[in-house]
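**Q** The structure follows.
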Amino acid sequence: MATDVEQWKDEVYGNEIREHLFEFAEQGWKSIPEDEQDAWFERFKWWGLYHQRQGQESYFMMRIGTPNGVLEPGQLRTIAEVADEYARGPVENPEFGEAYCDWTTRQSVQLHWIRLEDVPDIFEKLESNGLSTQQACGDSWRNIVGCPVAGKDTHEHVDAWPVVEELNETFKGSDDHSNLPRKWKVSVTGCEQGCGQGDINDLAFEPAEKDGELGFNVRVGGGLARKEPRFARNVDVWVPPERVSDVAGGVSALFRDHGDRDDRFNARVKFLVDEWGPEKVRRVLQEEYVDWELRTAGEDLRDEYTYNSGGSHSDHVGVHEQPDGRYYVGLNVLVGRMGVDDVFELAALADDYGSGEVRLTQRQNVIVTDVPEDRLDEFLDEELLGDYSPDPSPFMRGSIACTGTEFCSLSIVETKNRQVRYARWLKENADLPADVENFHIHLSGCTASCAQPQIADVSLRGMKTRKDGEAVEALDVGLGGGLGEEPQFARWVTHRVPVDEVPGYLVNLIDAFSDERDDGESFREFAARHSEEELAALAEPEETDYDDPYMHNTKLTWYPYAEEDDMDASPVTSDD
């Protein structure tokens, strides 16, 4: 039996949602019948809108898709203007102010506190500047990710940017691919560092050589969510760049036709690959979805992959020379959030020192491209770079966090402000070995894995526990994850640690690592040679002078940072 979501999609879905969305916007929030809200909220996702959680009724998160993380000249300023005018809520965030932009782990942009009534004006402003929210969410092609400096990178085998552009133009808005069983995440990597993170995507194109020609091997079925992570599997197909769109369309259509529409928990392609195996995926693709002879996989160039590997930076933070002699400068954005004034300033600096182009990474950071060598030092001396450093502490550089209970109905704990506090405290109180410059800590508010916790040195996942007789927020801890040459998922070794004891645990863990590591060993290598039991015994939670103002159950607040945060204090309750 089809799920409720599939029935809703059968009635209205895809591009046609826009007309209904605009009608509701014109008539106002209350024009959506209460018994139809779930259906319309599900449909609105296709146009990049997620309804915020209980206590924040009538407000939405808006996601703007930026293929490959590329923001062309002028587009960052447009996003800042939208955030400044339309993304201000009833209470400010104590760390980030009244308006801000979130850079996501899929190289997209998220804005919060969006009112339905403002959506038509926002869409007009975005679309007139080449930006769109179309299919930024929903059961369709999501934002296509890849190396954020594609075309400007000295480490690439193939320039993936034209491939991503073609995929975006072909499949965003395509009626044939607008209604899939679930979300569809695609990655294109052309460089040796693997920063497209193909291993954890539904469909991945990764650099490979075949008969002296450079192109892409195809992998299918990666993903992190539902406590059942999978690495994408090799389906023994190689394609030249000009055939990528054809093969991508074939695999997308295969998922459309054969993915599970009766059980949304099983509706990701990773479970179809589990059921069929890579060989059957290839055979059905050949027999039913392409009309030419597929070529077998080429020589894999993945063995040099270092992105998010745990052992080197390779995250584009810092100063890097481009093939044309100019430079790109990667700035560290702690937990991926920038206040709107800083976004305006970043846009101005990109115009002044570079070409105006800014790019977003899957580690929630930003890159200013095309800086001439003779202006590089001047740019590095700009005041903004003091807050968004190209040479940050490992604890700042390695921090990623999802939205958390601030806005998300799925999250169990507060995340963004907490990870900011963790990073600052660790910078002052923890000592990594002198030769360790890379230490990834990812905090995810639930098992949905938006912060990609399974591929971090230290993985934190929201839970609840009791302490001193009171219900408090807690975190499960996993260790030793990462992508790269030999990808591996973190092993969950410690459970339900009260959030105020996590920093103490991390210091104890780092001390144990420092004392017991082999010479030159990264934390990920250290973790890999220990059993799960040994990892669990490395460190204990401990109270310290770290203070956590969000210990209480923030899921039961209407907004974690409000002075009066009880649900009945919400100024926008459904009874309003």
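Ordered as shown in the structure tokens, chains take letters A, B, and onward, while each chain numbers its residues from 1 and ligands are numbered from 1 in the order shown.
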I'd like the contact shell of region 281-284 of chain A - 8 Å cut-off, only C-alpha atoms, skipping same-chain residues fewer than 5 positions apart - returned as a list in words.

**A**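 In the requested form, the answer reads Val235, Asp236, Val237, Leu254, Val273, Trp276 and Tyr289 of chain A.
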
**Q** Might you pull out every residue within 12 Å of Glu275 (chain A), with only C-alpha atoms counted and same-chain residues fewer than 6 positions away left off, and present them as a list in words?

**A**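 Contacts, with the query itself left out: Gly221, His258, Gly259, Asp260, Asn266, Ala267, Arg268, Val269 and Val281 of chain A.
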
**Q** Save the residues we just selected, C-alpha atoms, as an mmCIF file, in the first residue's frame?

**A**
```cif
data_model
loop_
_atom_site.group_PDB
_atom_site.id
_atom_site.type_symbol
_atom_site.label_atom_id
_atom_site.label_comp_id
_atom_site.auth_asym_id
_atom_site.auth_seq_id
_atom_site.Cartn_x
_atom_site.Cartn_y
_atom_site.Cartn_z
ATOM 1 C CA GLY A 221 24.105 3.425 -3.222
ATOM 2 C CA HIS A 258 12.269 0.198 -8.972
ATOM 3 C CA GLY A 259 12.782 2.021 -5.680
ATOM 4 C CA ASP A 260 10.482 1.146 -2.770
ATOM 5 C CA ASN A 266 13.497 1.520 2.625
ATOM 6 C CA ALA A 267 13.063 4.001 -0.206
ATOM 7 C CA ARG A 268 16.716 5.007 -0.621
ATOM 8 C CA VAL A 269 18.705 3.495 -3.464
ATOM 9 C CA VAL A 281 22.046 -2.734 -11.099
#
```

**Q** Can you check which residues of region 27-245 of chain A DSSP gives as helix (DSSP H, G or I) on the backbone and send them as a VMD selection string?

**A** chain A and resid 27 29 to 31 34 to 47 67 to 69 75 to 86 116 to 127 161 to 171 175 to 177 198 to 200 241 to 245

**Q** Check which residues of region 358-440 of chain A sit at most 9 Å from region 472-477 of chain A using only C-alpha atoms, and return one row each with the closest pair of atoms and their distance in Å to one decimal, ordered by chain and rising number, as CSV.

**A**
```
residue,atom,partner,partner_atom,distance
A:Ile412,CA,A:Glu473,CA,7.9
A:Val413,CA,A:Glu473,CA,6.0
A:Glu414,CA,A:Glu473,CA,8.2
```

**Q** Those residues with N, CA, C and O atoms, as a compact mmCIF listing (two decimals), in the first residue's frame please?

**A**
```txt
# COMPACT_ATOMS: atom_id res chain seq x y z
N ILE A 412 17.09 16.03 18.50
CA ILE A 412 16.86 15.74 19.91
C ILE A 412 17.57 16.73 20.81
O ILE A 412 17.17 16.96 21.95
N VAL A 413 18.65 17.35 20.31
CA VAL A 413 19.46 18.24 21.14
C VAL A 413 19.80 19.53 20.38
O VAL A 413 19.72 19.59 19.15
N GLU A 414 20.22 20.53 21.14
CA GLU A 414 20.75 21.76 20.57
C GLU A 414 22.15 21.48 20.01
O GLU A 414 22.92 20.73 20.62
```

**Q** How many Å separate CA of Arg517 (chain A) from CA of Val458 (chain A)?

**A** 16.1 Å

**Q** Which one is closest to Glu543 (chain A): A:Ala527, A:Ala99, A:Val507, A:Ala39? Count only C-alpha atoms.

**A**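 Of the candidates, the smallest distance to Glu543 (chain A) is held by A:Val507.
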
**Q** Between A:Lys416, A:Thr66, A:Trp29, A:Val91, which is the closest to Asp565 (chain A) once you count only C-alpha atoms?

**A**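 Closest residue, counting only C-alpha atoms: A:Val91.
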
**Q** Can you pull out every residue from region 124-333 of chain A that DSSP, working from the backbone, puts in strand (DSSP E or B), and format the result as number ranges by chain?

**A** A: 132, 141, 145-146, 156, 184, 186-188, 191, 203-210, 213-220, 223, 230, 233-239, 295, 299-300, 318-321, 327-331

**Q** Extract, using only C-alpha atoms, all DNA, RNA and protein residues at most 12 Å from Asp351 (chain A), discarding same-chain residues fewer than 5 positions from it, and format them as a PDB file with N, CA and C atoms, in the first residue's frame.

**A**
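part_19.pdb, freshly written:
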```pdb
ATOM      1  N   GLU A  72      28.069  32.717  -8.251  1.00  0.00           N
ATOM      2  CA  GLU A  72      28.637  33.615  -9.250  1.00  0.00           C
ATOM      3  C   GLU A  72      28.640  35.054  -8.733  1.00  0.00           C
ATOM      4  N   PRO A  73      29.431  35.927  -9.345  1.00  0.00           N
ATOM      5  CA  PRO A  73      29.504  37.310  -8.866  1.00  0.00           C
ATOM      6  C   PRO A  73      28.122  37.928  -8.673  1.00  0.00           C
ATOM      7  N   GLY A  74      27.917  38.532  -7.524  1.00  0.00           N
ATOM      8  CA  GLY A  74      26.647  39.188  -7.202  1.00  0.00           C
ATOM      9  C   GLY A  74      25.670  38.297  -6.461  1.00  0.00           C
ATOM     10  N   GLN A  75      25.810  36.980  -6.565  1.00  0.00           N
ATOM     11  CA  GLN A  75      24.812  36.097  -5.960  1.00  0.00           C
ATOM     12  C   GLN A  75      24.909  36.045  -4.442  1.00  0.00           C
ATOM     13  N   LEU A  76      26.118  36.120  -3.888  1.00  0.00           N
ATOM     14  CA  LEU A  76      26.231  36.127  -2.431  1.00  0.00           C
ATOM     15  C   LEU A  76      25.581  37.375  -1.850  1.00  0.00           C
ATOM     16  N   ARG A  77      25.761  38.508  -2.504  1.00  0.00           N
ATOM     17  CA  ARG A  77      25.106  39.725  -2.031  1.00  0.00           C
ATOM     18  C   ARG A  77      23.587  39.579  -2.095  1.00  0.00           C
ATOM     19  N   PHE A 344      27.480  40.174   3.988  1.00  0.00           N
ATOM     20  CA  PHE A 344      27.630  41.374   3.148  1.00  0.00           C
ATOM     21  C   PHE A 344      29.106  41.733   2.973  1.00  0.00           C
ATOM     22  N   GLU A 345      29.858  41.696   4.080  1.00  0.00           N
ATOM     23  CA  GLU A 345      31.275  42.050   4.023  1.00  0.00           C
ATOM     24  C   GLU A 345      32.046  41.047   3.159  1.00  0.00           C
ATOM     25  N   LEU A 346      31.726  39.770   3.284  1.00  0.00           N
ATOM     26  CA  LEU A 346      32.394  38.762   2.467  1.00  0.00           C
ATOM     27  C   LEU A 346      32.126  39.000   0.987  1.00  0.00           C
ATOM     28  N   GLY A 356      34.597  38.267  -7.607  1.00  0.00           N
ATOM     29  CA  GLY A 356      33.241  38.340  -7.064  1.00  0.00           C
ATOM     30  C   GLY A 356      32.641  36.972  -6.825  1.00  0.00           C
ATOM     31  N   GLU A 357      33.304  35.941  -7.323  1.00  0.00           N
ATOM     32  CA  GLU A 357      32.813  34.582  -7.141  1.00  0.00           C
ATOM     33  C   GLU A 357      33.170  34.079  -5.752  1.00  0.00           C
ATOM     34  N   VAL A 358      32.220  33.352  -5.131  1.00  0.00           N
ATOM     35  CA  VAL A 358      32.440  32.698  -3.846  1.00  0.00           C
ATOM     36  C   VAL A 358      31.955  31.259  -3.983  1.00  0.00           C
ATOM     37  N   VAL A 368      36.952  32.284  -1.361  1.00  0.00           N
ATOM     38  CA  VAL A 368      37.029  33.435  -2.265  1.00  0.00           C
ATOM     39  C   VAL A 368      38.041  33.076  -3.352  1.00  0.00           C
ATOM     40  N   THR A 369      37.631  33.126  -4.597  1.00  0.00           N
ATOM     41  CA  THR A 369      38.494  32.717  -5.700  1.00  0.00           C
ATOM     42  C   THR A 369      39.090  33.925  -6.432  1.00  0.00           C
ATOM     43  N   ASP A 370      40.100  33.629  -7.246  1.00  0.00           N
ATOM     44  CA  ASP A 370      40.638  34.576  -8.240  1.00  0.00           C
ATOM     45  C   ASP A 370      41.303  35.806  -7.625  1.00  0.00           C
ATOM     46  N   VAL A 371      41.989  35.614  -6.499  1.00  0.00           N
ATOM     47  CA  VAL A 371      42.710  36.727  -5.868  1.00  0.00           C
ATOM     48  C   VAL A 371      44.093  36.843  -6.514  1.00  0.00           C
ATOM     49  N   PHE A 379      44.533  41.162   1.249  1.00  0.00           N
ATOM     50  CA  PHE A 379      43.290  40.442   1.541  1.00  0.00           C
ATOM     51  C   PHE A 379      43.397  39.689   2.869  1.00  0.00           C
TER      52      PHE A 379
END
```

**Q** Give me the residues near Arg43 (chain A) as a PyMOL selection string, where near means some atom within 9 Å (using only C-alpha atoms) and where sequence neighbours in that chain fewer than 3 positions away do not count.

**A** chain A and resi 5+8-9+12-14+17+38-40+46-47+49+138

**Q** Restricting the calculation to only C-alpha atoms: of A:Phe255, A:Trp238, A:Phe395, A:Phe407, which residue gets closest to Tyr561 (chain A)?

**A**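 Checking each candidate against Tyr561 (chain A), we get A:Phe407 as the closest.
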
**Q** Residues at most 8 Å from region 140-148 of chain A, counting only C-alpha atoms, excluding those fewer than 4 positions away in the same chain, as a CSV table (one decimal) with N, CA and C atoms, in the first residue's frame?

**A**
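Final output, saved to around-v5.csv:
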```csv
chain,number,residue,atom,x,y,z
A,46,TRP,N,9.7,20.4,-2.2
A,46,TRP,CA,10.2,20.3,-3.6
A,46,TRP,C,10.6,21.7,-4.0
A,65,GLY,N,19.6,26.0,-3.6
A,65,GLY,CA,20.6,25.1,-4.2
A,65,GLY,C,21.7,25.9,-5.0
A,66,THR,N,22.9,25.6,-4.7
A,66,THR,CA,24.0,26.2,-5.5
A,66,THR,C,24.9,25.1,-6.0
A,67,PRO,N,24.7,24.6,-7.2
A,67,PRO,CA,25.4,23.4,-7.8
A,67,PRO,C,26.9,23.6,-7.6
A,68,ASN,N,27.4,22.5,-7.0
A,68,ASN,CA,28.9,22.5,-6.8
A,68,ASN,C,29.4,23.6,-5.9
A,69,GLY,N,28.4,24.2,-5.2
A,69,GLY,CA,28.8,25.3,-4.3
A,69,GLY,C,29.2,26.6,-4.9
A,70,VAL,N,29.0,26.8,-6.2
A,70,VAL,CA,29.4,27.9,-6.9
A,70,VAL,C,28.4,29.1,-6.8
A,106,ARG,N,26.0,20.1,2.0
A,106,ARG,CA,25.8,19.8,0.5
A,106,ARG,C,26.0,21.0,-0.3
A,107,GLN,N,26.8,21.9,0.2
A,107,GLN,CA,27.2,23.1,-0.6
A,107,GLN,C,26.0,24.0,-1.0
A,108,SER,N,25.0,24.0,-0.1
A,108,SER,CA,23.8,24.8,-0.3
A,108,SER,C,23.7,25.9,0.8
A,135,GLN,N,13.8,22.1,-6.1
A,135,GLN,CA,14.3,20.8,-5.8
A,135,GLN,C,15.5,20.8,-4.8
A,136,ALA,N,15.5,21.9,-4.0
A,136,ALA,CA,16.6,21.9,-3.0
A,136,ALA,C,16.2,20.9,-1.9
A,160,ALA,N,35.3,19.0,-13.4
A,160,ALA,CA,33.9,18.5,-13.2
A,160,ALA,C,32.9,19.6,-13.3
A,164,VAL,N,28.8,19.1,-13.9
A,164,VAL,CA,27.8,19.5,-12.9
A,164,VAL,C,26.8,20.5,-13.5
A,167,LEU,N,24.3,18.5,-15.6
A,167,LEU,CA,23.4,17.7,-14.8
A,167,LEU,C,22.3,18.6,-14.2
A,168,ASN,N,22.7,19.7,-13.7
A,168,ASN,CA,21.8,20.7,-13.1
A,168,ASN,C,20.8,21.2,-14.1
A,171,PHE,N,18.4,18.0,-15.2
A,171,PHE,CA,17.5,17.3,-14.2
A,171,PHE,C,16.8,18.1,-13.2
A,172,LYS,N,17.2,19.4,-13.0
A,172,LYS,CA,16.4,20.2,-12.1
A,172,LYS,C,15.2,20.7,-12.9
A,177,HIS,N,12.0,13.2,-13.9
A,177,HIS,CA,12.8,12.9,-12.7
A,177,HIS,C,12.4,13.7,-11.5
A,178,SER,N,11.2,14.2,-11.5
A,178,SER,CA,10.7,15.1,-10.4
A,178,SER,C,10.1,14.4,-9.3
A,179,ASN,N,9.7,13.1,-9.5
A,179,ASN,CA,9.0,12.4,-8.4
A,179,ASN,C,9.7,11.0,-8.3
A,180,LEU,N,10.7,11.0,-7.4
A,180,LEU,CA,11.4,9.8,-7.1
A,180,LEU,C,10.9,9.2,-5.8
A,182,ARG,N,12.5,8.7,-3.1
A,182,ARG,CA,13.0,9.5,-2.0
A,182,ARG,C,14.0,10.5,-2.6
A,183,LYS,N,14.7,11.2,-1.7
A,183,LYS,CA,15.7,12.2,-2.2
A,183,LYS,C,16.8,11.5,-3.0
A,184,TRP,N,17.4,12.2,-3.9
A,184,TRP,CA,18.4,11.7,-4.8
A,184,TRP,C,19.6,12.6,-4.8
A,185,LYS,N,20.7,12.1,-4.2
A,185,LYS,CA,22.0,12.9,-4.0
A,185,LYS,C,23.1,12.4,-4.9
A,186,VAL,N,23.6,13.4,-5.7
A,186,VAL,CA,24.5,13.1,-6.7
A,186,VAL,C,25.8,13.9,-6.5
A,187,SER,N,27.0,13.2,-6.7
A,187,SER,CA,28.3,13.8,-6.5
A,187,SER,C,29.1,13.6,-7.8
A,188,VAL,N,29.9,14.6,-8.2
A,188,VAL,CA,30.8,14.5,-9.3
A,188,VAL,C,32.2,15.0,-8.8
A,189,THR,N,33.2,14.1,-8.8
A,189,THR,CA,34.5,14.4,-8.4
A,189,THR,C,35.5,14.3,-9.5
A,190,GLY,N,36.2,15.4,-9.8
A,190,GLY,CA,37.3,15.3,-10.8
A,190,GLY,C,38.7,15.4,-10.3
A,191,CYS,N,38.8,15.6,-9.0
A,191,CYS,CA,40.1,15.8,-8.4
A,191,CYS,C,40.7,14.7,-7.6
A,194,GLY,N,39.1,14.0,-3.8
A,194,GLY,CA,37.9,13.4,-3.5
A,194,GLY,C,36.9,14.2,-2.8
A,195,CYS,N,36.9,15.5,-3.0
A,195,CYS,CA,36.1,16.4,-2.1
A,195,CYS,C,34.6,16.4,-2.6
A,196,GLY,N,34.3,15.6,-3.6
A,196,GLY,CA,32.8,15.4,-3.9
A,196,GLY,C,32.2,14.4,-2.9
A,197,GLN,N,33.0,13.7,-2.1
A,197,GLN,CA,32.5,12.8,-1.1
A,197,GLN,C,31.5,11.8,-1.8
A,359,ARG,N,32.7,30.4,-3.4
A,359,ARG,CA,32.3,28.9,-3.4
A,359,ARG,C,32.1,28.4,-2.0
A,360,LEU,N,31.2,27.4,-1.9
A,360,LEU,CA,30.9,26.8,-0.7
A,360,LEU,C,31.4,25.3,-0.7
A,361,THR,N,31.9,24.8,0.5
A,361,THR,CA,32.4,23.5,0.6
A,361,THR,C,31.5,22.6,1.4
A,362,GLN,N,31.7,21.3,1.3
A,362,GLN,CA,30.9,20.3,2.0
A,362,GLN,C,31.3,20.3,3.5
```
